[in-house]
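Take a look at the structure set out below.
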Amino acid sequence: AFRPAGDTDELLARSDRPASRRSRRRSPLRNAIEWIAVIAGALVVALVIKTFLFQAFYIPSESMEPTLTEGDRVLVNKLSYDLHDVNRGDVIVFERPPNEPVSEIEDLIKRVVGLPGDTVEGRDGRVYVNGMPLEEPYLPSGVLTDPFAPIEVPEGHVFVMGDNRGNSRDSRVFGPISEDLIVGRAFITVWPLGRVELL
């Protein structure tokens, strides 16, 4: 029997639809593989970021009060000193110096007050660098620094101190630290939320 061309086209179009729907369906196995790939990719990216770019650190002591208090968390830029030199006033995280007693705390956080070639001294309740009193706007007024003898900072080293001058074990005790020990620059407090601020 003769069938109009239009009817034939309609039948063909209808027969195509189920196949098209079937081709769009994904098997559970394929979905699982895709999710595993996404999660693995996210983990790799997170690992790369933590290893080479940024890492959060927990503040374990009172040595940097009032700038940082025990329990704060800071974000550290690990790439910072690949792009520029260490600056006086930077808050840095560094590996425990080899001449320090072994501790479960592997990384320390202090402020840089002396750069390579500087002579750092404590007298009259203040820090002097190369014979000039160091301006330290990050310290509360009235905070005094105990006197200590002049220390010359060798090349490739920095002199670090905690902002809590009366309760900080720092370069006054273990000497200037090698720049090779520096993990990175702490640039922002990220926890608790009420204390989020740039350093």
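Identifiers for the structure tokens are assigned positionally: chains receive A, B, ... in sequence, residues are indexed from 1 per chain, and ligands are indexed from 1 in the order shown.
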Item to check | Non-local contacts of region 89-100 of chain A (6 Å; only C-alpha atoms; under 3 positions in same chain excluded) as a PyMOL selection string | outcome: chain A and resi 106-113+181-186
Include N, CA, C and O atoms and write out the residues we just selected as an mmCIF file, in the first residue's frame.
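What landed in out_13.cif:
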data_model
loop_
_atom_site.group_PDB
_atom_site.id
_atom_site.type_symbol
_atom_site.label_atom_id
_atom_site.label_comp_id
_atom_site.auth_asym_id
_atom_site.auth_seq_id
_atom_site.Cartn_x
_atom_site.Cartn_y
_atom_site.Cartn_z
ATOM 1 N N GLU A 106 57.242 21.799 65.230
ATOM 2 C CA GLU A 106 58.326 21.789 64.247
ATOM 3 C C GLU A 106 58.580 23.159 63.628
ATOM 4 O O GLU A 106 59.688 23.442 63.176
ATOM 5 N N ASP A 107 57.546 24.010 63.575
ATOM 6 C CA ASP A 107 57.667 25.318 62.930
ATOM 7 C C ASP A 107 57.361 26.420 63.934
ATOM 8 O O ASP A 107 56.455 26.285 64.770
ATOM 9 N N LEU A 108 58.106 27.522 63.839
ATOM 10 C CA LEU A 108 57.936 28.660 64.733
ATOM 11 C C LEU A 108 57.489 29.874 63.927
ATOM 12 O O LEU A 108 57.700 29.933 62.710
ATOM 13 N N ILE A 109 56.890 30.843 64.617
ATOM 14 C CA ILE A 109 56.466 32.072 63.948
ATOM 15 C C ILE A 109 56.971 33.266 64.757
ATOM 16 O O ILE A 109 56.769 33.335 65.964
ATOM 17 N N LYS A 110 57.679 34.173 64.087
ATOM 18 C CA LYS A 110 58.243 35.361 64.736
ATOM 19 C C LYS A 110 58.241 36.516 63.730
ATOM 20 O O LYS A 110 57.913 36.352 62.563
ATOM 21 N N ARG A 111 58.674 37.673 64.220
ATOM 22 C CA ARG A 111 58.767 38.844 63.350
ATOM 23 C C ARG A 111 60.232 39.147 63.034
ATOM 24 O O ARG A 111 61.108 39.057 63.918
ATOM 25 N N VAL A 112 60.502 39.517 61.798
ATOM 26 C CA VAL A 112 61.858 39.862 61.378
ATOM 27 C C VAL A 112 62.175 41.284 61.855
ATOM 28 O O VAL A 112 61.452 42.230 61.525
ATOM 29 N N VAL A 113 63.245 41.423 62.635
ATOM 30 C CA VAL A 113 63.670 42.763 63.067
ATOM 31 C C VAL A 113 65.061 43.115 62.547
ATOM 32 O O VAL A 113 65.437 44.288 62.529
ATOM 33 N N LEU A 181 65.738 28.246 56.290
ATOM 34 C CA LEU A 181 64.753 27.646 57.189
ATOM 35 C C LEU A 181 63.366 28.264 57.039
ATOM 36 O O LEU A 181 62.389 27.730 57.562
ATOM 37 N N ILE A 182 63.288 29.390 56.324
ATOM 38 C CA ILE A 182 62.011 30.102 56.228
ATOM 39 C C ILE A 182 61.030 29.325 55.355
ATOM 40 O O ILE A 182 61.330 28.968 54.210
ATOM 41 N N VAL A 183 59.850 29.061 55.907
ATOM 42 C CA VAL A 183 58.783 28.379 55.175
ATOM 43 C C VAL A 183 58.017 29.384 54.316
ATOM 44 O O VAL A 183 57.651 29.106 53.178
ATOM 45 N N GLY A 184 57.755 30.563 54.869
ATOM 46 C CA GLY A 184 57.030 31.577 54.116
ATOM 47 C C GLY A 184 56.613 32.731 55.005
ATOM 48 O O GLY A 184 56.934 32.783 56.193
ATOM 49 N N ARG A 185 55.883 33.675 54.409
ATOM 50 C CA ARG A 185 55.435 34.880 55.124
ATOM 51 C C ARG A 185 53.977 34.741 55.521
ATOM 52 O O ARG A 185 53.117 34.483 54.681
ATOM 53 N N ALA A 186 53.707 34.912 56.809
ATOM 54 C CA ALA A 186 52.319 34.921 57.276
ATOM 55 C C ALA A 186 51.724 36.280 56.918
ATOM 56 O O ALA A 186 52.287 37.312 57.283
#
Next on the checklist: Quick check for you: according to DSSP on this backbone, which residues of region 20-172 of chain A are classed as alpha helix (DSSP H)? Reply as a ChimeraX atom specification.
Outcome noted: /A:20-24,28-48,80-83,171-172
Checklist entry - Can you tell me, as an MDAnalysis selection string, what residues are no more than 12 Å from Met132 (chain A) when counting only C-alpha atoms, ignoring any on the same chain fewer than 4 positions away? => result chainID A and resid 118:124 126:128
Next on the checklist: For a quick check of understanding, using only C-alpha atoms, which of A:Leu29, A:Leu134, A:Leu199, A:Val190 has the smallest distance to Ala56 (chain A)?
Outcome noted: A:Val190
Item to check | Selection near region 153-163 of chain A, 9 Å with only C-alpha atoms, sequence-local residues under 5 positions removed, as a VMD selection string | outcome: chain A and resid 62 to 68 86 88 91 to 92 109 to 120 138 to 139 168 to 172 175 to 180
Item to check | Surrounding residues of Ser61 (chain A) excluding itself and chain neighbours under 5 positions, 8 Å, only C-alpha atoms, as JSON, numbers by chain | outcome: {"A": [69, 70, 71]}
Could the residues in this selection be saved with N, CA and C atoms as a JSON list (two decimals), in the first residue's frame?
[["chain", "number", "residue", "atom", "x", "y", "z"],
["A", 69, "THR", "N", 47.36, 35.43, 68.92],
["A", 69, "THR", "CA", 47.16, 34.77, 70.21],
["A", 69, "THR", "C", 47.12, 33.26, 70.01],
["A", 70, "GLU", "N", 47.34, 32.55, 71.10],
["A", 70, "GLU", "CA", 47.34, 31.09, 71.05],
["A", 70, "GLU", "C", 46.00, 30.58, 70.52],
["A", 71, "GLY", "N", 46.06, 29.71, 69.52],
["A", 71, "GLY", "CA", 44.84, 29.18, 68.91],
["A", 71, "GLY", "C", 44.47, 29.84, 67.60]]
Checklist entry - Neighbours of Thr189 (chain A) within 6 Å (only C-alpha atoms; same-chain residues fewer than 2 positions away dropped), as a ChimeraX atom specification? => result /A:73-74,191,196-197
Item to check | Atomic separation - CA of Arg165 (chain A) relative to CA of Ile151 (chain A), Å | outcome: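 For CA of Ile151 (chain A) relative to CA of Arg165 (chain A), the distance reads 16.8 Å.
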